[in-house]
Amino acid sequence: MPNKFNFFNKKPRYIELPINPQMQQQQQKSLPPNADTAVGENGAPPAIPDGLWIKCDFCGELLYKKDFAADLKVCKNCGHHYRMNAQERLEMIVDEDTFNEFNAGLISLNPLDFDGYDKKLLALREKTGMNEAVVTGYGKIDGYDAVIGVMDSNFIMGSMGSVVGEKVTRAFEYAAEKKLPIIIFTASGGARMQEGMFSLMQMAKTSAAAGFCAQAGQLYITVLTDPTTGGVTASFAMLGDILLSEPQALIGFAGKRVGEQTIGQKLPEGFQTAEFLLEHGFIDQIVARKDMKATLAQLLALHVKN
Amino acid sequence: MLDYEKDIAELRDKIEDLRKFAQERNADFSDEIGILEAKIAKMEATALTNMSAMDKLTLSRMIERPTTLDYIEKIFDDFIEFHGDRRFRDDPSIVGGIARLNGMPVTVIGHQKGRNTKENVQRNFGMPNPEGFRKALRLMQQAEKFHRPIICFVDTPGADPGIGAEERGQGEAIATNLMMMSTMKTPIIAVVIGEGGSGGALALSVADEIWMLEHAIYSILSPEGFASILWKDASRAREAAERIKITAQDLHKLGIIDKILPEPVGGAHKSLDEMAATIKEYLIKVPFTERLGNIDELVKERYDKYRKIGVFLA
């Protein structure tokens with residue numbers, strides 16, 4: 001297994017093979033949709049069609065791309081849950097055409113004039129099509145109303161600066177005001193370094209907002225996804241009434257490098273996982289991605305007030 | 001020792017040599033000595049006003065720097081220390097208890113670094129484990145019950161990032177403190193007396209007012225950790241210290257903290273009495289009784305204080 005903790009410097013975990021259009025056309029015609037058991041003509045080993053297949057970085061299994069998407073980016077062989085971006089997550093969880101995004105236009109500034117930060121933000125906005133590392137809004141899950149927040153680790157590792165803190169805070173306040181449950185999918189390396197103390201203070205701000213929402217009596221469910229660490233773990237992520245996680249997600253307080261730097265000791269592999277947290281009593285359930293929507297709907301149903 | 005202190009010590013040695021030499025030779029070097037002494041005085045006066053962020057970081061971490069217990073002894077009367085989180089164990093890197101501030105019962109809580117190597121090991125260098133934060137929360141809830149104001153002294157390199165801390169829920173412990181402090185129905189003042197390190201510092205500083213001693217620092221992450229995360233190179237800590245705005249002066253300008261408390265010339269460790277007297281003077285001026293009388297208003301203001309922090313384009 002590759003080093004799971006080096007998430008600040010992580011490359012995508014699957015290999016995308018280059019596309020050869022001719023080959024692709026041929027293969028699309030000849031291959032059945034469930035192609036992982038297919039053999040070539042005359043029983044020859046299957047040719048690898050370029051661009052249609054990805055290779056699981058964890059077990060080496062070749063996965064047919066369409067199947068992989070249909071399986072919600074979970075390897076059908078080893079069950080590894082690959083990271084999802086916010087858009088994919090919303091499509092998976094929220095009923096079609098029910099999502100109304102909040103505050104999509106909020107944009108980070110560079111309060112400490114940190115070199116390269118503006119450029120990085122601009123480049124990421126173009127690349128991801130998102131303005132920041134969290135999408136918040138209102139939507140329905142199997143017909144149940146909820147405020148929903150989804151973090152995206154593609155945007156500066158989902159780190160929390162002023163905008164992420166503000167959007168999460170506004171989502172809690174909206175839930176409190178409109179008497180709605182709130183569900184947040186976390187995926188974050190922690191507080192955003194480039195905004196210094198402004199980022200650290202977002203931990204206090206979002207936690208206070210979670211408290212405000214709790215005092216208003218609203219249900220808050222956190223779904224911890226890979227990775228959830230640092231300042232997000234140490235603030236709103238851990239404050240849910242119910243804490244769920246995806247299998248094998250990296251969840252912890254200290255990043256590995258910082259930990260080793262500070263305590264001068266190697267940390268064991270595998271100790272900051274969802275399974276570790278479940279064992280130590282810090283989360284309620286590990287829920288496979290395919291069951292996530294149904295589980296959330298069940299929980300929402302159990303909290304409907306008459 | 002800071003750079004300028006080394007320079008001054010060298011100059012003092014030179015003066016001493018000159019005096020000896022003058023005595024031996026029966027010569028008069030008083031002019032030269034006068035010039036050197038004037039130079040020292042000038043250096044002392046300017047050095048601390050022009051201190052770099054890295055110098056402040058060094059100063060804030062000096063083993064001689066007064067700690068929470070040093071201040072508690074000087075500022076309060078009748079202090080009784082309370083121990084334990086009632087869950088796991090007593091964490092010696094956070095101390096707390098009740099005392100009187102000028103006659104008024106208060107709860108005092110603070111990070112506690114060691115005052116020598118042995119004590120530092122025992123106190124985990126002031127890096128709390130989850131049980132430390134849970135002890136602090138227990139004492140705060142007790143303060144709330146008895147309508148006692150809370151005074152927090154902040155001085156930590158950060159929360160312990162080790163295996164035990166993860167096993168016992170470091171993230172959950174800090175998060176819970178942040179949330180509970182934001183709605184705590186009693187006045188809270190946080191004073192950063194040395195090193196305000198990241199989430200471990202924040203977990204004792206969600207307060208109505210955050211004060212910093214003149215040469216204290218408060219940072220999102222230790223400059224070493226920052227350099228290691230952002231540049232993968234911990235040796236660039238000095239550069240990080242300058243760039244991420246960690247000094248009391250910078251943070252006051254940015255509106256993150258509320259007050260800067262002046263330190264004695266040379267830093268708090270040069271005169272604990274003077275520093276403690278200054279902190280006490282500031283604490284006594286806080287209208288605690290009035291705030292306790294308008295507690296709902298105070299809690300709302302505390303929420304708004306953090307609610308407003310953030311820089312973005314809407």
# chains A, B, ... in the order shown; residues from 1 in each chain; ligands from 1

$ closest_atom_pairs --of "chain A" --to "chain B" --cutoff "7 Å" --atoms "only C-alpha atoms" --output "CSV"
residue,atom,partner,partner_atom,distance
A:Gly105,CA,B:Ala314,CA,6.3
A:Leu106,CA,B:Ala314,CA,4.7
A:Ile107,CA,B:Leu313,CA,5.0
A:Ser108,CA,B:Phe312,CA,4.7
A:Leu109,CA,B:Phe312,CA,5.1
A:Pro111,CA,B:Val311,CA,6.5
A:Leu112,CA,B:Ile244,CA,6.9
A:Ser162,CA,B:Gly310,CA,4.6
A:Val163,CA,B:Phe312,CA,6.3
A:Gly196,CA,B:Ile220,CA,5.5
A:Met197,CA,B:Ile220,CA,5.3
A:Phe198,CA,B:Gly310,CA,5.8
A:Leu200,CA,B:Ile220,CA,5.5
A:Met201,CA,B:Ile309,CA,6.9
A:Ala204,CA,B:Leu178,CA,5.6
A:Lys205,CA,B:Tyr306,CA,5.2
A:Ser207,CA,B:Met179,CA,4.8
A:Ala208,CA,B:Met179,CA,4.9
A:Gly211,CA,B:Met179,CA,5.5
A:Gly231,CA,B:Gly199,CA,7.0
A:Thr233,CA,B:Gly171,CA,5.3
A:Ala234,CA,B:Gly171,CA,3.9
A:Ser235,CA,B:Ala175,CA,4.2
A:Phe236,CA,B:Ala175,CA,6.7
A:Met238,CA,B:Glu172,CA,5.3
A:Leu239,CA,B:Ala175,CA,6.8
A:Gly252,CA,B:Glu166,CA,6.6
A:Phe253,CA,B:Gly171,CA,5.2
A:Ala254,CA,B:Pro161,CA,5.3
A:Val258,CA,B:Gly225,CA,5.7
A:Gly259,CA,B:Pro161,CA,5.1
A:Ile263,CA,B:Gly162,CA,6.9
A:His280,CA,B:Glu167,CA,6.3
A:Phe282,CA,B:Gly169,CA,6.9

$ residues_around --residues "region 273-286 of chain B" --least-positions-apart "5" --cutoff "8 Å" --atoms "only C-alpha atoms" --output "PyMOL selection string"
chain B and resi 71+74-75+101-102+261-264+268

$ residues_around --residues "Glu132 (chain A)" --least-positions-apart "5" --cutoff "12 Å" --atoms "only C-alpha atoms" --output "number ranges by chain"
A: 86, 103-109, 120-127, 150-168, 192; B: 312-313

$ residues_around --residues "Gly240 (chain A)" --least-positions-apart "3" --cutoff "12 Å" --atoms "only C-alpha atoms" --output "PDB file with C-alpha atoms, in the first residue's frame"
ATOM      1  CA  PHE A 172     -24.942  26.487   9.866  1.00  0.00           C
ATOM      2  CA  PRO A 181     -30.877  19.548   9.251  1.00  0.00           C
ATOM      3  CA  ILE A 182     -27.344  20.057   7.981  1.00  0.00           C
ATOM      4  CA  ILE A 183     -24.969  17.493   6.476  1.00  0.00           C
ATOM      5  CA  ILE A 184     -21.334  18.283   5.782  1.00  0.00           C
ATOM      6  CA  PHE A 185     -18.939  16.056   3.834  1.00  0.00           C
ATOM      7  CA  THR A 186     -15.460  16.936   5.036  1.00  0.00           C
ATOM      8  CA  SER A 207     -17.246  25.713  15.767  1.00  0.00           C
ATOM      9  CA  ALA A 209     -21.605  28.371  14.307  1.00  0.00           C
ATOM     10  CA  ALA A 210     -21.997  24.626  14.852  1.00  0.00           C
ATOM     11  CA  GLY A 211     -22.819  25.456  18.484  1.00  0.00           C
ATOM     12  CA  CYS A 213     -27.032  25.534  15.109  1.00  0.00           C
ATOM     13  CA  ALA A 214     -27.009  22.927  17.886  1.00  0.00           C
ATOM     14  CA  GLN A 218     -31.007  21.221  14.425  1.00  0.00           C
ATOM     15  CA  LEU A 219     -29.528  17.891  13.401  1.00  0.00           C
ATOM     16  CA  TYR A 220     -25.932  18.045  12.194  1.00  0.00           C
ATOM     17  CA  ILE A 221     -24.401  15.019  10.455  1.00  0.00           C
ATOM     18  CA  THR A 222     -20.753  14.958   9.513  1.00  0.00           C
ATOM     19  CA  VAL A 223     -19.510  12.565   6.849  1.00  0.00           C
ATOM     20  CA  LEU A 224     -15.743  12.305   7.103  1.00  0.00           C
ATOM     21  CA  THR A 233     -10.835  17.754  12.257  1.00  0.00           C
ATOM     22  CA  SER A 235     -13.280  22.115  14.558  1.00  0.00           C
ATOM     23  CA  PHE A 236     -16.624  21.560  12.847  1.00  0.00           C
ATOM     24  CA  ALA A 237     -15.824  18.059  11.492  1.00  0.00           C
ATOM     25  CA  LEU A 243     -20.396  11.180  12.662  1.00  0.00           C
ATOM     26  CA  LEU A 244     -20.159   8.897   9.652  1.00  0.00           C
ATOM     27  CA  SER A 245     -17.129   8.055   7.582  1.00  0.00           C
ATOM     28  CA  PHE A 282     -14.851   8.714  17.802  1.00  0.00           C
ATOM     29  CA  ILE A 283     -17.268   7.971  14.965  1.00  0.00           C
ATOM     30  CA  ASP A 284     -20.660   6.295  14.839  1.00  0.00           C
TER      31      ASP A 284
ATOM     32  CA  GLU B 172     -12.571  16.143  19.087  1.00  0.00           C
ATOM     33  CA  ALA B 175     -13.272  21.159  18.614  1.00  0.00           C
ATOM     34  CA  THR B 176     -15.432  20.682  21.687  1.00  0.00           C
ATOM     35  CA  MET B 179     -17.702  25.214  20.534  1.00  0.00           C
TER      36      MET B 179
END

$ atom_distance --atom1 "CA of Leu36 (chain B)" --atom2 "CA of Asp7 (chain B)"
11.8 Å

$ select_by_dssp --residues "region 27-242 of chain A" --states "alpha helix (DSSP H)" --output "PyMOL selection string"
chain A and resi 27-30+65-70+86-93+117-128+162-178+196-215+230-233

$ residues_around --residues "region 80-90 of chain B" --least-positions-apart "5" --cutoff "8 Å" --atoms "only C-alpha atoms" --output "ChimeraX atom specification"
/B:95-99,131-132,134-136,138

$ write_last_selection --atoms "C-alpha atoms" --output "mmCIF file, in the first residue's frame"
data_model
loop_
_atom_site.group_PDB
_atom_site.id
_atom_site.type_symbol
_atom_site.label_atom_id
_atom_site.label_comp_id
_atom_site.auth_asym_id
_atom_site.auth_seq_id
_atom_site.Cartn_x
_atom_site.Cartn_y
_atom_site.Cartn_z
ATOM 1 C CA VAL B 95 -2.896 23.789 34.971
ATOM 2 C CA GLY B 96 -6.016 25.306 36.409
ATOM 3 C CA GLY B 97 -7.902 26.132 39.519
ATOM 4 C CA ILE B 98 -9.679 28.891 41.378
ATOM 5 C CA ALA B 99 -8.265 32.013 42.992
ATOM 6 C CA GLU B 131 -7.249 15.097 28.615
ATOM 7 C CA GLY B 132 -5.644 18.502 29.145
ATOM 8 C CA ARG B 134 -10.974 18.223 28.714
ATOM 9 C CA LYS B 135 -9.676 19.279 32.133
ATOM 10 C CA ALA B 136 -9.733 22.894 30.958
ATOM 11 C CA ARG B 138 -14.368 20.866 33.013
#

$ closest_residue --among "A:Leu278, A:Ser188, A:Thr136, A:Phe114" --to "Glu239 (chain B)" --atoms "only C-alpha atoms"
A:Phe114
